[in-house]
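Novice: Please see the structure below; I have some questions.
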Amino acid sequence: MKKVKLNPPERRVVCKRFVYGSVAVWRGARKGDDQRTHKWTAYVRGPNNEDISYFVQKVQFELHPSFEDQVKTVEKPPYEISENGWGEFEMKIRVFFGEPCAEGPVQVTHYLKLYSNSQASLLPQYGGSMRPSLHLQNAALRLPVVHEKCDELIFVDPVEEFYQILMAGSQLSTEQVKLVSVWQEIRNYGSQFSEDRELSRVEEVKSKLRAQIAQLADKHQQDEDTISRLLDQIDARDREHEPVGSPASSASPPPPSLSPA
């Protein structure tokens, strides 16, 4: 039996960073039935305003069930939605990738903040949501609240076509990249993540990933050794059951010849 030599798998890992978050702007004291105190914008963007549209197909935002249109999908940059409201809640954000990618969407959870930490201490709770107190309603000015996070998308062994897209990067110039509409607020009142800290965290994630890949390679080698040992056992068993003697002695005797009458 022929033994098959298995080659260790070659892992190709591509990492892409992205930012998701929201900006909330106070609309001033409300009158009548309209108590939607803030206009907010939720978004997904590239760090340092980098283009991400070459590998992001669309972004889906799932809002609080109280919204009539609870799920909103944005299929081209800037990947953002805007609403008016009074309550803070957790939203789900799903990032979908282009057609060549065999991976499903990546989902993250973002907490929509309307108030800074100092303002939040003044808010009474109502049914799991946050309503503005009279003190905040009558405030003369509230600065925009920026709440965002930088994260890493890690693609392990992407299909060849998508791998080439990821490695080629964006084909747009800086001037062609469409910025989110709240970029001025982000620049003036964010960002809340430290570039150095995020890079350090990303390197930590990469180190863990390399360790996982090393474990997979070790398991692959162990599996190869197990297969080789089993093949040796099969060969040994086959040899034990081979017929004893030469081929001539084990052959059937020739038929008797007929003598002429």
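Chain labels follow the order of the structure tokens: the first chain is A, the next B, and so on; residue numbering restarts at 1 in every chain, and ligands are counted from 1 in their shown order.
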Please identify all polymer residues within 8 Å of A:Lys76, counting only C-alpha atoms, omitting same-chain residues fewer than 4 positions from it, and present them as a list in words.

Specialist: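 Neighbouring residues, sequence-local ones excluded: Ser53, Gln57 and Lys58 of chain A.
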
Novice: Which residues of stretch 23-67 of chain A sit at most 7 Å from stretch 78-98 of chain A, using only C-alpha atoms? Give each one's shortest atom pair and distance in Å (one decimal place), in chain and ascending residue order, as CSV.

Specialist:
```
residue,atom,partner,partner_atom,distance
A:Gln35,CA,A:Trp86,CA,6.6
A:Arg36,CA,A:Gly85,CA,4.2
A:Thr37,CA,A:Trp86,CA,5.1
A:His38,CA,A:Gly85,CA,5.5
A:Lys39,CA,A:Asn84,CA,4.3
A:Trp40,CA,A:Glu83,CA,5.6
A:Thr41,CA,A:Ser82,CA,4.2
A:Ala42,CA,A:Glu80,CA,5.5
A:Tyr43,CA,A:Glu80,CA,4.1
A:Val44,CA,A:Tyr79,CA,5.5
A:Arg45,CA,A:Tyr79,CA,6.9
A:Phe55,CA,A:Phe97,CA,5.7
A:Val56,CA,A:Phe97,CA,4.6
A:Gln57,CA,A:Phe97,CA,4.7
A:Lys58,CA,A:Phe96,CA,5.3
A:Val59,CA,A:Val95,CA,4.7
A:Gln60,CA,A:Arg94,CA,5.0
A:Phe61,CA,A:Ile93,CA,4.7
A:Glu62,CA,A:Lys92,CA,5.0
A:Leu63,CA,A:Met91,CA,5.1
A:His64,CA,A:Met91,CA,6.7
```

Novice: With N, CA and C atoms retained, could you export that selection as a PDB file, in the first residue's frame?

Specialist:
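Once everything was written out, this is result-v9.pdb:
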```pdb
ATOM      1  N   GLN A  35     -40.501  64.590  22.025  1.00  0.00           N
ATOM      2  CA  GLN A  35     -39.476  64.553  23.067  1.00  0.00           C
ATOM      3  C   GLN A  35     -38.174  63.935  22.566  1.00  0.00           C
ATOM      4  N   ARG A  36     -38.011  63.925  21.256  1.00  0.00           N
ATOM      5  CA  ARG A  36     -36.774  63.374  20.684  1.00  0.00           C
ATOM      6  C   ARG A  36     -35.681  64.428  20.807  1.00  0.00           C
ATOM      7  N   THR A  37     -34.925  64.306  21.876  1.00  0.00           N
ATOM      8  CA  THR A  37     -33.979  65.352  22.275  1.00  0.00           C
ATOM      9  C   THR A  37     -32.700  65.382  21.461  1.00  0.00           C
ATOM     10  N   HIS A  38     -32.390  64.306  20.745  1.00  0.00           N
ATOM     11  CA  HIS A  38     -31.101  64.223  20.056  1.00  0.00           C
ATOM     12  C   HIS A  38     -31.261  63.773  18.600  1.00  0.00           C
ATOM     13  N   LYS A  39     -30.368  64.267  17.783  1.00  0.00           N
ATOM     14  CA  LYS A  39     -30.168  63.675  16.468  1.00  0.00           C
ATOM     15  C   LYS A  39     -28.876  62.869  16.551  1.00  0.00           C
ATOM     16  N   TRP A  40     -28.944  61.610  16.131  1.00  0.00           N
ATOM     17  CA  TRP A  40     -27.747  60.778  16.197  1.00  0.00           C
ATOM     18  C   TRP A  40     -27.470  60.123  14.860  1.00  0.00           C
ATOM     19  N   THR A  41     -26.213  59.838  14.644  1.00  0.00           N
ATOM     20  CA  THR A  41     -25.753  59.173  13.429  1.00  0.00           C
ATOM     21  C   THR A  41     -24.867  58.002  13.826  1.00  0.00           C
ATOM     22  N   ALA A  42     -25.199  56.810  13.358  1.00  0.00           N
ATOM     23  CA  ALA A  42     -24.372  55.614  13.557  1.00  0.00           C
ATOM     24  C   ALA A  42     -23.662  55.299  12.249  1.00  0.00           C
ATOM     25  N   TYR A  43     -22.462  54.768  12.330  1.00  0.00           N
ATOM     26  CA  TYR A  43     -21.654  54.615  11.116  1.00  0.00           C
ATOM     27  C   TYR A  43     -20.622  53.514  11.251  1.00  0.00           C
ATOM     28  N   VAL A  44     -20.116  53.108  10.093  1.00  0.00           N
ATOM     29  CA  VAL A  44     -18.922  52.271   9.983  1.00  0.00           C
ATOM     30  C   VAL A  44     -17.988  52.988   9.013  1.00  0.00           C
ATOM     31  N   ARG A  45     -16.743  53.161   9.378  1.00  0.00           N
ATOM     32  CA  ARG A  45     -15.783  53.888   8.542  1.00  0.00           C
ATOM     33  C   ARG A  45     -14.409  53.258   8.661  1.00  0.00           C
ATOM     34  N   PHE A  55     -13.656  46.131   0.052  1.00  0.00           N
ATOM     35  CA  PHE A  55     -13.931  44.798   0.596  1.00  0.00           C
ATOM     36  C   PHE A  55     -15.243  44.743   1.385  1.00  0.00           C
ATOM     37  N   VAL A  56     -15.861  45.884   1.661  1.00  0.00           N
ATOM     38  CA  VAL A  56     -17.158  45.911   2.333  1.00  0.00           C
ATOM     39  C   VAL A  56     -18.252  46.070   1.292  1.00  0.00           C
ATOM     40  N   GLN A  57     -19.179  45.146   1.276  1.00  0.00           N
ATOM     41  CA  GLN A  57     -20.280  45.189   0.314  1.00  0.00           C
ATOM     42  C   GLN A  57     -21.426  46.051   0.818  1.00  0.00           C
ATOM     43  N   LYS A  58     -21.789  45.877   2.093  1.00  0.00           N
ATOM     44  CA  LYS A  58     -22.875  46.649   2.689  1.00  0.00           C
ATOM     45  C   LYS A  58     -22.776  46.548   4.205  1.00  0.00           C
ATOM     46  N   VAL A  59     -23.495  47.452   4.877  1.00  0.00           N
ATOM     47  CA  VAL A  59     -23.530  47.465   6.337  1.00  0.00           C
ATOM     48  C   VAL A  59     -24.992  47.516   6.765  1.00  0.00           C
ATOM     49  N   GLN A  60     -25.328  46.703   7.754  1.00  0.00           N
ATOM     50  CA  GLN A  60     -26.700  46.617   8.240  1.00  0.00           C
ATOM     51  C   GLN A  60     -26.750  47.049   9.706  1.00  0.00           C
ATOM     52  N   PHE A  61     -27.698  47.923  10.020  1.00  0.00           N
ATOM     53  CA  PHE A  61     -27.880  48.423  11.385  1.00  0.00           C
ATOM     54  C   PHE A  61     -29.223  47.914  11.912  1.00  0.00           C
ATOM     55  N   GLU A  62     -29.191  47.195  13.022  1.00  0.00           N
ATOM     56  CA  GLU A  62     -30.422  46.711  13.657  1.00  0.00           C
ATOM     57  C   GLU A  62     -30.680  47.538  14.904  1.00  0.00           C
ATOM     58  N   LEU A  63     -31.771  48.299  14.896  1.00  0.00           N
ATOM     59  CA  LEU A  63     -32.067  49.257  15.950  1.00  0.00           C
ATOM     60  C   LEU A  63     -32.984  48.662  17.015  1.00  0.00           C
ATOM     61  N   HIS A  64     -33.355  49.501  17.968  1.00  0.00           N
ATOM     62  CA  HIS A  64     -34.271  49.106  19.042  1.00  0.00           C
ATOM     63  C   HIS A  64     -35.628  48.732  18.432  1.00  0.00           C
TER      64      HIS A  64
END
```

Novice: Which one is closest to A:Val19: A:Lys208, A:His147, A:Arg239, A:Arg229? Count only C-alpha atoms.

Specialist: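 For A:Val19, the nearest of the given residues is A:His147.
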
Novice: Let me make sure I understand: among A:Thr226, A:Glu75, A:Ala168, A:Glu152, which one has the smallest atom-to-atom distance to A:Gln107 if we use only C-alpha atoms?

Specialist: A:Glu152

Novice: DSSP on the backbone: what in stretch 4-169 of chain A comes out strand (DSSP E or B), as a ChimeraX atom specification?

Specialist: /A:13-26,38-45,56-62,71-74,79-85,89-97,106-112,125-126,129-130,145-156

Novice: Restricting the calculation to only C-alpha atoms: of A:Thr174, A:Gln233, A:Gln164, A:Thr109, which residue gets closest to A:Asp151?

Specialist: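 Distance minimum relative to A:Asp151 lands on A:Thr109.
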
Novice: Looking at A:Arg27, A:Arg142, A:Arg12, A:Arg187, which one is nearest to A:Asn48, with distances taken over only C-alpha atoms?

Specialist: A:Arg187

Novice: With distances taken over only C-alpha atoms, which residue among A:Val145, A:Met167, A:Ile213, A:Leu153 lies nearest A:Ser22?

Specialist: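 With only C-alpha atoms as the atom set, the closest residue is A:Val145.
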